[in-house]
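Participant: What follows is entry18.txt, made up of compact mmCIF, C-alpha atoms:
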```txt
# COMPACT_ATOMS: atom_id res chain seq x y z
CA MET A 1 13.78 -30.95 -30.23
CA ARG A 2 10.20 -31.24 -29.03
CA LYS A 3 11.22 -33.98 -26.62
CA VAL A 4 14.13 -31.91 -25.34
CA ALA A 5 11.86 -28.90 -24.82
CA LEU A 6 9.27 -31.03 -23.01
CA VAL A 7 11.85 -32.53 -20.67
CA LEU A 8 13.28 -29.09 -19.92
CA PHE A 9 9.81 -27.69 -19.27
CA LEU A 10 8.94 -30.49 -16.84
CA PHE A 11 12.31 -30.17 -15.13
CA LEU A 12 12.01 -26.43 -14.59
CA THR A 13 8.39 -26.70 -13.46
CA CYS A 14 9.25 -29.31 -10.84
CA ALA A 15 12.26 -27.29 -9.70
CA ALA A 16 10.12 -24.19 -9.17
CA PHE A 17 7.55 -26.25 -7.26
CA ALA A 18 10.24 -27.74 -5.03
CA SER A 19 11.76 -24.38 -4.17
CA ALA A 20 8.32 -23.13 -3.12
CA GLN A 21 8.27 -25.93 -0.52
CA ASP A 22 11.59 -24.85 0.99
CA TRP A 23 12.22 -22.44 3.89
CA PRO A 24 15.58 -21.00 2.82
CA VAL A 25 15.91 -17.98 5.13
CA PHE A 26 14.74 -16.60 8.48
CA ARG A 27 10.97 -15.93 8.22
CA GLY A 28 10.78 -17.95 4.98
CA ASP A 29 11.54 -15.28 2.39
CA SER A 30 13.41 -12.02 1.88
CA SER A 31 10.41 -9.91 2.88
CA HIS A 32 9.98 -11.93 6.11
CA SER A 33 6.34 -12.79 5.47
CA GLY A 34 6.56 -15.90 7.69
CA TYR A 35 4.46 -17.88 5.19
CA SER A 36 5.07 -21.29 3.60
CA SER A 37 3.05 -22.89 0.81
CA SER A 38 3.98 -26.30 2.21
CA SER A 39 1.50 -28.66 3.78
CA ALA A 40 1.91 -29.06 7.54
CA PRO A 41 1.50 -31.84 10.12
CA ALA A 42 -1.97 -32.21 11.62
CA SER A 43 -0.64 -33.77 14.84
CA ASP A 44 2.39 -33.55 17.09
CA GLU A 45 3.89 -36.77 15.75
CA VAL A 46 7.68 -36.53 16.01
CA ALA A 47 9.52 -37.80 12.96
CA TRP A 48 12.85 -37.48 14.77
CA GLN A 49 14.68 -35.54 17.42
CA ILE A 50 18.39 -35.16 18.02
CA GLN A 51 20.53 -33.77 20.81
CA GLY A 52 23.24 -31.22 20.18
CA ALA A 53 22.04 -29.03 17.32
CA GLY A 54 21.14 -26.15 19.64
CA SER A 55 18.23 -23.77 19.49
CA TRP A 56 19.43 -20.20 19.43
CA SER A 57 19.10 -20.16 15.65
CA SER A 58 15.99 -20.71 13.57
CA PRO A 59 16.50 -23.31 10.84
CA ALA A 60 16.61 -23.07 7.07
CA VAL A 61 15.37 -26.05 5.05
CA VAL A 62 16.41 -26.56 1.42
CA ASP A 63 16.30 -29.75 -0.68
CA LEU A 64 15.77 -32.01 2.33
CA MET A 65 18.70 -30.50 4.18
CA VAL A 66 18.21 -28.63 7.46
CA PHE A 67 20.70 -25.91 8.36
CA VAL A 68 20.76 -24.47 11.86
CA GLY A 69 23.15 -22.44 13.97
CA SER A 70 23.92 -23.31 17.57
CA GLU A 71 25.11 -21.71 20.77
CA ASP A 72 28.02 -24.18 20.66
CA GLY A 73 29.49 -22.14 17.79
CA TYR A 74 28.69 -24.64 15.05
CA VAL A 75 26.60 -24.43 11.91
CA HIS A 76 24.92 -27.84 11.60
CA ALA A 77 23.70 -29.44 8.36
CA LEU A 78 21.24 -32.28 8.96
CA ASN A 79 19.42 -34.78 6.78
CA ALA A 80 15.78 -33.64 6.96
CA VAL A 81 14.41 -37.19 6.71
CA THR A 82 16.56 -38.86 9.38
CA GLY A 83 18.06 -36.00 11.41
CA SER A 84 21.54 -37.43 10.92
CA GLY A 85 24.43 -34.99 10.69
CA VAL A 86 25.81 -34.30 7.22
CA TRP A 87 28.46 -31.74 8.13
CA ARG A 88 29.17 -29.02 10.67
CA TYR A 89 31.32 -25.92 10.61
CA GLN A 90 32.77 -24.25 13.71
CA THR A 91 32.75 -20.49 14.14
CA GLY A 92 34.08 -18.61 17.15
CA GLY A 93 30.72 -17.98 18.84
CA GLN A 94 26.97 -18.49 18.84
CA VAL A 95 25.51 -18.66 15.35
CA SER A 96 22.60 -16.71 13.86
CA SER A 97 19.81 -18.07 11.69
CA PRO A 98 21.23 -19.07 8.29
CA ALA A 99 20.14 -18.12 4.77
CA VAL A 100 20.63 -20.48 1.83
CA VAL A 101 20.74 -19.16 -1.74
CA GLY A 102 21.90 -21.38 -4.58
CA ASN A 103 24.72 -23.57 -3.31
CA LEU A 104 25.88 -21.15 -0.61
CA LEU A 105 24.85 -20.73 3.02
CA TYR A 106 25.25 -17.37 4.77
CA VAL A 107 25.34 -16.95 8.54
CA GLY A 108 26.46 -14.56 11.25
CA SER A 109 28.33 -15.35 14.46
CA TYR A 110 29.13 -13.89 17.87
CA ASP A 111 32.77 -13.92 16.74
CA ASN A 112 31.94 -10.66 14.85
CA SER A 113 31.89 -12.34 11.44
CA VAL A 114 29.61 -13.12 8.52
CA TYR A 115 30.35 -16.41 6.77
CA ALA A 116 29.57 -17.92 3.40
CA LEU A 117 29.82 -21.72 3.30
CA HIS A 118 29.23 -24.33 0.61
CA ALA A 119 25.80 -25.75 1.46
CA ASN A 120 26.72 -29.28 0.34
CA ASN A 121 29.88 -29.72 2.43
CA GLY A 122 30.32 -26.76 4.80
CA VAL A 123 33.59 -25.57 3.26
CA ARG A 124 34.14 -21.86 3.90
CA VAL A 125 34.00 -19.63 0.82
CA TRP A 126 34.60 -16.30 2.57
CA GLN A 127 34.47 -14.57 5.94
CA TYR A 128 33.78 -10.88 6.58
CA GLU A 129 34.70 -9.40 9.95
CA THR A 130 32.69 -6.62 11.56
CA ARG A 131 33.45 -4.90 14.88
CA GLY A 132 30.68 -6.56 16.87
CA PRO A 133 28.72 -9.82 17.23
CA VAL A 134 26.50 -10.65 14.26
CA ILE A 135 23.21 -11.81 15.78
CA SER A 136 21.16 -10.62 12.81
CA SER A 137 20.22 -13.22 10.21
CA PRO A 138 21.46 -12.43 6.68
CA THR A 139 19.04 -11.73 3.84
CA VAL A 140 20.35 -12.33 0.32
CA VAL A 141 18.81 -10.52 -2.64
CA GLY A 142 20.26 -9.60 -6.03
CA GLY A 143 23.72 -10.95 -5.30
CA ARG A 144 24.01 -8.98 -2.05
CA VAL A 145 24.05 -10.10 1.56
CA PHE A 146 22.26 -7.66 3.89
CA VAL A 147 22.96 -8.11 7.60
CA GLY A 148 23.17 -6.15 10.85
CA SER A 149 25.94 -6.13 13.44
CA CYS A 150 26.33 -5.09 17.06
CA ASP A 151 28.91 -2.55 15.86
CA ASN A 152 25.89 -0.30 15.05
CA HIS A 153 26.01 -0.95 11.30
CA VAL A 154 23.92 -2.52 8.55
CA TYR A 155 26.09 -4.12 5.87
CA ALA A 156 25.65 -4.94 2.20
CA LEU A 157 28.24 -7.50 1.07
CA ASN A 158 28.96 -9.12 -2.28
CA ALA A 159 27.37 -12.56 -2.05
CA GLU A 160 30.11 -14.21 -4.12
CA ASN A 161 33.25 -12.91 -2.44
CA GLY A 162 32.15 -11.07 0.73
CA GLU A 163 33.52 -7.70 -0.36
CA LEU A 164 31.92 -4.65 1.24
CA ILE A 165 29.50 -2.78 -1.04
CA TRP A 166 28.20 -0.31 1.55
CA LYS A 167 27.53 0.03 5.25
CA PHE A 168 25.07 2.24 7.10
CA GLU A 169 25.70 3.47 10.64
CA THR A 170 22.95 3.60 13.26
CA LYS A 171 23.35 4.73 16.86
CA GLY A 172 22.81 1.29 18.40
CA ASP A 173 23.30 -2.45 17.95
CA VAL A 174 21.50 -4.02 14.99
CA THR A 175 20.24 -7.45 16.03
CA SER A 176 17.11 -7.17 13.88
CA SER A 177 17.30 -9.12 10.62
CA PRO A 178 16.79 -6.99 7.49
CA ALA A 179 13.72 -7.49 5.31
CA VAL A 180 14.27 -6.62 1.65
CA ALA A 181 11.48 -5.64 -0.74
CA ASP A 182 11.02 -3.28 -3.68
CA GLY A 183 14.65 -2.21 -3.69
CA LYS A 184 14.57 -1.23 -0.01
CA VAL A 185 16.14 -2.67 3.14
CA PHE A 186 14.00 -2.43 6.30
CA VAL A 187 15.60 -3.04 9.68
CA GLY A 188 15.29 -2.11 13.36
CA SER A 189 18.04 -0.89 15.70
CA TRP A 190 18.78 -0.54 19.39
CA ASP A 191 18.77 3.21 18.81
CA ASN A 192 14.94 2.93 18.95
CA ARG A 193 14.48 3.38 15.20
CA VAL A 194 13.18 1.49 12.19
CA TYR A 195 15.13 2.33 9.04
CA ALA A 196 14.38 2.09 5.34
CA LEU A 197 17.55 2.10 3.22
CA ASN A 198 18.15 2.09 -0.52
CA ALA A 199 19.31 -1.46 -1.28
CA GLU A 200 21.58 -0.25 -4.07
CA SER A 201 23.41 2.57 -2.28
CA GLY A 202 22.66 2.24 1.45
CA GLU A 203 21.20 5.75 1.49
CA LYS A 204 18.66 6.35 4.26
CA LEU A 205 15.19 6.82 2.81
CA TRP A 206 13.36 7.31 6.12
CA GLU A 207 13.45 6.43 9.80
CA PHE A 208 10.69 5.86 12.33
CA GLN A 209 11.31 6.81 15.95
CA SER A 210 10.17 4.58 18.81
CA THR A 211 10.94 5.01 22.52
CA TYR A 212 12.81 1.75 23.20
CA VAL A 213 15.29 -0.59 21.53
CA ILE A 214 13.90 -2.55 18.58
CA VAL A 215 14.84 -6.22 18.68
CA ALA A 216 12.19 -7.70 16.38
CA SER A 217 12.60 -7.99 12.62
CA PRO A 218 10.12 -6.36 10.25
CA ALA A 219 7.78 -8.09 7.82
CA VAL A 220 7.01 -6.29 4.57
CA VAL A 221 3.88 -7.05 2.55
CA GLY A 222 2.65 -4.73 -0.15
CA ASN A 223 3.60 -1.22 0.87
CA ARG A 224 3.33 -1.87 4.60
CA VAL A 225 6.03 -2.61 7.17
CA TYR A 226 4.90 -4.53 10.27
CA ILE A 227 7.00 -4.67 13.45
CA GLY A 228 6.71 -4.64 17.24
CA LEU A 229 8.01 -1.66 19.23
CA ARG A 230 7.34 0.69 22.14
CA ARG A 231 3.93 2.34 21.78
CA ILE A 232 4.03 5.75 20.09
CA SER A 233 0.70 7.26 21.11
CA GLY A 234 -1.90 6.75 23.82
CA PRO A 235 -1.27 4.62 26.93
CA GLU A 236 2.32 3.53 27.51
CA GLY A 237 3.07 -0.02 26.41
CA TRP A 238 4.12 -2.21 23.52
CA SER A 239 2.53 -2.15 20.10
CA VAL A 240 2.44 -3.92 16.80
CA VAL A 241 2.60 -1.18 14.19
CA SER A 242 1.97 -0.84 10.49
CA LEU A 243 4.17 1.71 8.73
CA ASN A 244 3.88 3.14 5.23
CA GLY A 245 6.74 1.62 3.25
CA SER A 246 7.17 4.73 1.13
CA ASP A 247 7.63 7.36 3.83
CA GLY A 248 7.65 5.57 7.21
CA ASN A 249 4.48 7.23 8.48
CA LEU A 250 2.45 5.36 11.09
CA VAL A 251 -0.67 3.73 9.59
CA TRP A 252 -1.97 1.94 12.70
CA GLU A 253 -0.80 0.49 16.00
CA TYR A 254 -2.21 -2.16 18.32
CA LEU A 255 -1.35 -2.29 22.02
CA THR A 256 -0.30 -5.61 23.57
CA GLY A 257 0.50 -6.27 27.21
CA GLY A 258 4.22 -6.92 26.91
CA HIS A 259 7.50 -6.39 25.10
CA ILE A 260 7.51 -7.69 21.50
CA GLU A 261 10.62 -9.59 20.39
CA SER A 262 8.59 -11.85 18.11
CA SER A 263 8.74 -10.95 14.42
CA PRO A 264 5.31 -10.91 12.78
CA ALA A 265 4.01 -13.18 10.03
CA VAL A 266 1.66 -11.53 7.55
CA VAL A 267 -0.67 -13.64 5.40
CA GLU A 268 -3.88 -12.62 3.60
CA ASN A 269 -4.51 -9.38 5.51
CA ARG A 270 -3.72 -10.96 8.86
CA VAL A 271 -0.77 -10.28 11.16
CA TYR A 272 0.33 -13.05 13.55
CA VAL A 273 2.74 -12.15 16.36
CA GLY A 274 3.74 -13.14 19.88
CA SER A 275 4.21 -10.94 22.94
CA ASP A 276 5.84 -11.13 26.35
CA ASP A 277 2.34 -10.97 27.82
CA GLY A 278 2.04 -14.65 26.86
CA TYR A 279 -0.38 -14.21 23.98
CA VAL A 280 -0.20 -15.04 20.31
CA TYR A 281 -2.18 -12.39 18.44
CA CYS A 282 -3.98 -12.40 15.12
CA LEU A 283 -4.66 -8.85 13.90
CA ASP A 284 -6.47 -7.41 10.91
CA ALA A 285 -3.75 -5.91 8.70
CA ARG A 286 -6.08 -3.68 6.71
CA ASP A 287 -5.58 0.05 7.17
CA THR A 288 -9.23 0.81 7.93
CA ALA A 289 -10.18 -2.23 10.02
CA GLU A 290 -12.70 -1.32 12.72
CA ASN A 291 -11.77 -4.22 15.02
CA ARG A 292 -8.02 -4.76 14.86
CA GLU A 293 -7.94 -7.89 17.02
CA ILE A 294 -9.30 -11.03 15.34
CA TRP A 295 -8.23 -13.49 18.03
CA LYS A 296 -5.57 -14.09 20.67
CA TYR A 297 -4.35 -17.32 22.26
CA LYS A 298 -2.98 -17.49 25.80
CA THR A 299 0.16 -19.54 26.51
CA ASN A 300 1.78 -19.98 29.93
CA ASP A 301 4.75 -17.67 29.44
CA ARG A 302 6.31 -15.14 27.08
CA VAL A 303 6.16 -15.69 23.32
CA GLN A 304 9.40 -14.47 21.75
CA SER A 305 9.43 -17.03 18.96
CA SER A 306 8.25 -15.75 15.55
CA PRO A 307 5.18 -17.49 14.08
CA ALA A 308 5.24 -19.48 10.85
CA VAL A 309 2.02 -19.86 8.88
CA ALA A 310 1.32 -22.85 6.65
CA ASP A 311 -1.64 -25.01 5.66
CA ASN A 312 -4.07 -22.71 7.53
CA ASN A 313 -2.18 -23.21 10.79
CA VAL A 314 0.07 -20.95 12.88
CA PHE A 315 3.15 -22.58 14.42
CA VAL A 316 5.01 -20.83 17.24
CA GLY A 317 7.21 -21.66 20.22
CA GLY A 318 6.54 -20.41 23.74
CA GLN A 319 8.83 -19.69 26.66
CA ASP A 320 6.76 -22.26 28.54
CA GLY A 321 8.63 -24.95 26.59
CA TYR A 322 5.89 -25.86 24.12
CA ILE A 323 5.49 -25.55 20.39
CA TYR A 324 1.92 -24.67 19.45
CA ALA A 325 -0.10 -25.33 16.32
CA LEU A 326 -3.10 -22.97 16.19
CA ARG A 327 -5.86 -22.64 13.63
CA ALA A 328 -5.20 -19.53 11.59
CA SER A 329 -8.92 -18.85 11.26
CA ASP A 330 -9.88 -18.60 14.95
CA GLY A 331 -6.81 -19.38 17.08
CA GLY A 332 -8.11 -22.74 18.26
CA LEU A 333 -5.50 -25.21 19.48
CA VAL A 334 -4.75 -27.93 16.92
CA TRP A 335 -1.91 -29.50 18.89
CA LYS A 336 0.95 -28.64 21.20
CA HIS A 337 4.08 -30.51 22.16
CA GLU A 338 6.55 -30.00 25.00
CA ILE A 339 10.00 -29.61 23.51
CA GLY A 340 11.80 -28.92 26.78
CA ALA A 341 13.15 -25.90 28.59
CA VAL A 342 12.52 -22.62 26.75
CA ALA A 343 11.42 -22.49 23.13
CA ARG A 344 13.21 -19.43 21.77
CA GLY A 345 13.84 -20.56 18.22
CA SER A 346 11.29 -19.87 15.53
CA PRO A 347 9.84 -22.78 13.55
CA ALA A 348 10.40 -23.45 9.86
CA VAL A 349 7.75 -25.24 7.79
CA ALA A 350 8.93 -27.10 4.71
CA HIS A 351 8.06 -30.28 2.79
CA GLY A 352 5.10 -30.96 5.07
CA LYS A 353 7.17 -30.84 8.26
CA VAL A 354 7.82 -28.39 11.12
CA PHE A 355 11.40 -27.95 12.35
CA ILE A 356 12.37 -26.23 15.63
CA GLY A 357 14.97 -26.43 18.38
CA SER A 358 14.81 -26.00 22.17
CA ILE A 359 17.17 -24.25 24.55
CA ASP A 360 18.38 -27.54 26.03
CA GLY A 361 19.99 -28.44 22.71
CA ARG A 362 17.31 -30.72 21.26
CA PHE A 363 16.13 -30.27 17.69
CA TYR A 364 12.81 -31.62 16.39
CA CYS A 365 11.14 -32.57 13.15
CA PHE A 366 7.34 -32.86 13.43
CA GLY A 367 5.30 -34.80 10.89
CA SER A 368 5.43 -38.27 9.35
CA TRP A 369 7.84 -39.29 6.62
CA GLN A 370 5.94 -42.56 6.15
CA ALA A 371 3.22 -41.31 3.81
CA VAL A 372 5.46 -39.45 1.42
CA GLY A 373 3.71 -37.65 -1.37
CA GLY A 374 3.41 -34.47 -3.34
CA ALA A 375 6.27 -32.07 -2.88
CA GLU A 376 8.03 -34.46 -0.48
CA LEU A 377 8.65 -36.83 -3.38
CA TRP A 378 10.43 -34.11 -5.28
CA PRO A 379 13.97 -34.36 -3.87
CA GLY A 380 14.21 -37.98 -5.04
CA ALA A 381 12.27 -37.34 -8.24
CA LYS A 382 14.59 -34.44 -9.01
CA TYR A 383 17.59 -36.73 -9.33
CA LEU A 384 15.62 -39.22 -11.37
CA LEU A 385 14.68 -36.44 -13.77
CA ILE A 386 18.29 -35.29 -14.00
CA ALA A 387 19.41 -38.84 -14.72
CA ALA A 388 16.69 -39.32 -17.33
CA PHE A 389 17.60 -36.03 -18.95
CA LEU A 390 21.30 -36.95 -19.13
CA ILE A 391 20.47 -40.36 -20.56
CA PHE A 392 18.28 -38.69 -23.16
CA LEU A 393 21.08 -36.27 -24.12
CA LEU A 394 23.53 -39.17 -24.39
CA TRP A 395 21.10 -41.06 -26.65
CA LEU A 396 20.59 -37.94 -28.77
CA LEU A 397 24.35 -37.44 -29.08
CA ARG A 398 24.92 -41.04 -30.14
CA LYS A 399 22.14 -40.80 -32.69
CA THR A 400 23.61 -37.60 -34.13
CA VAL A 401 27.09 -39.12 -34.36
CA SER A 402 25.80 -42.28 -36.02
```
Re-express the file's structure as structure tokens.
Facilitator:
Amino acid sequence: MRKVALVLFLFLTCAAFASAQDWPVFRGDSSHSGYSSSSAPASDEVAWQIQGAGSWSSPAVVDLMVFVGSEDGYVHALNAVTGSGVWRYQTGGQVSSPAVVGNLLYVGSYDNSVYALHANNGVRVWQYETRGPVISSPTVVGGRVFVGSCDNHVYALNAENGELIWKFETKGDVTSSPAVADGKVFVGSWDNRVYALNAESGEKLWEFQSTYVIVASPAVVGNRVYIGLRRISGPEGWSVVSLNGSDGNLVWEYLTGGHIESSPAVVENRVYVGSDDGYVYCLDARDTAENREIWKYKTNDRVQSSPAVADNNVFVGGQDGYIYALRASDGGLVWKHEIGAVARGSPAVAHGKVFIGSIDGRFYCFGSWQAVGGAELWPGAKYLLIAAFLIFLLWLLRKTVS
């Protein structure tokens, strides 16, 4: 029994470590922190690139599989090491950023539907139809799929069968992707509001009024909600704001020089976000900070991509066609790489690699697969452990029988 317990302990420990290296949902986790514990490439070395996977969606990466939606109406599943296609599933329109939980993949489409597919083969499990395009990326927590639709509603669906649990009506399209934390669903709407809803019942807990449509998705860390919207006080413009998660009151706001479609990443009291003024900003997230701006980095066009933070670097795409790697500490350029046309998709960082697509249909994996180590060994080691465990159980069974 000691041997069985030891094997189980090692198996579960490795499994937990592997999942921490994944990027299973838009912004990395259900609270949309934008943070990965993975290592990250120190140069712009391209492991592989393929044509045809599209770029409208931001990828999810789980167990060395990359899942990404495309403007061609397909959900693509790719081998993360080689970029080769594993399967694809066709919807009736452009596809949102997917979420992968367990063996199921959840995604929205311009054909007004939310889909659940088997992650290993792309077979459809269920489809739920709304009355508008589903641009919002699903967030899956506690057996529920939370997603917005352009029919002015936020939905909570049963993750197993797609049955409606509740829906909440706003007065505008919901293209923002819900962040879920502490039993609450936080989401923006084209009715100029940020909402906090009870995740169990869909009851509105509070709303925060802006003066323009809210496209960005919120990030929730601690009891603070961070999002970009039209400035509330002072000179007219666009702000990154921090809201109290309990009551929706404004804690602080920081004025940028352009519209904010980028969703913020929040790591260790720092907020990283892009703006249509061409800058990537790093702001002090603390309530009482005297100097809100820590650094800003100038690109050559709008920054609508949402930053991903890993290994002390900030990765973000620019409308100038480049993906940037910036030092998280001071915003210095580590590397940049032209990926072609407009970089609208947001990067995912997983297993030591950065994954992102471009508007011309190319999809990239940055980082070397040659020096494989650490967490990147896990997907192969996982199956070896499973095999060893099964062999051990077979040996134990034979010994018991004999």
Participant: Could you check the closest approach to Arg230 in chain A for each of A:Tyr364, A:Tyr155, A:Trp190, A:Tyr106 and tell me which residue wins, using all atoms listed in the file?
Facilitator: A:Trp190
Participant: Residues of range 299-361 of chain A within 10 Å of range 76-97 of chain A: nearest atom pair and distance (Å, one decimal) for each, counting all atoms listed in the file, sorted by chain and number, as JSON lines?
Facilitator:
```
{"residue": "A:Gly345", "atom": "CA", "partner": "A:Ser97", "partner_atom": "CA", "distance": 9.2}
{"residue": "A:Ser346", "atom": "CA", "partner": "A:Ser97", "partner_atom": "CA", "distance": 9.5}
{"residue": "A:Ala350", "atom": "CA", "partner": "A:Ala80", "partner_atom": "CA", "distance": 9.7}
{"residue": "A:His351", "atom": "CA", "partner": "A:Ala80", "partner_atom": "CA", "distance": 9.4}
{"residue": "A:Lys353", "atom": "CA", "partner": "A:Ala80", "partner_atom": "CA", "distance": 9.1}
{"residue": "A:Phe355", "atom": "CA", "partner": "A:Ala80", "partner_atom": "CA", "distance": 9.0}
```
Participant: Could you check the closest approach to Gln51 in chain A for each of A:Asn121, A:Ser358, A:Ser201, A:Asn244 and tell me which residue wins, using only C-alpha atoms?
Facilitator: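 Checking each of A:Asn121, A:Ser358, A:Ser201, A:Asn244 against Gln51 in chain A, counting only C-alpha atoms, the winner is A:Ser358.
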Participant: Do a neighbour search on range 135-147 of chain A at 7 Å with all atoms listed in the file, toss out local chain neighbours closer than 3 positions, and write the hits as a VMD selection string.
Facilitator: chain A and resid 26 30 96 to 99 106 to 110 154 to 159 174 to 179
Participant: Would you please work out which residue, of A:Thr130, A:Asn112, A:Ser242, A:Ser233, is nearest to Thr211 in chain A when using all atoms listed in the file?
Facilitator: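 Smallest separation from Thr211 in chain A among the options: A:Ser233.
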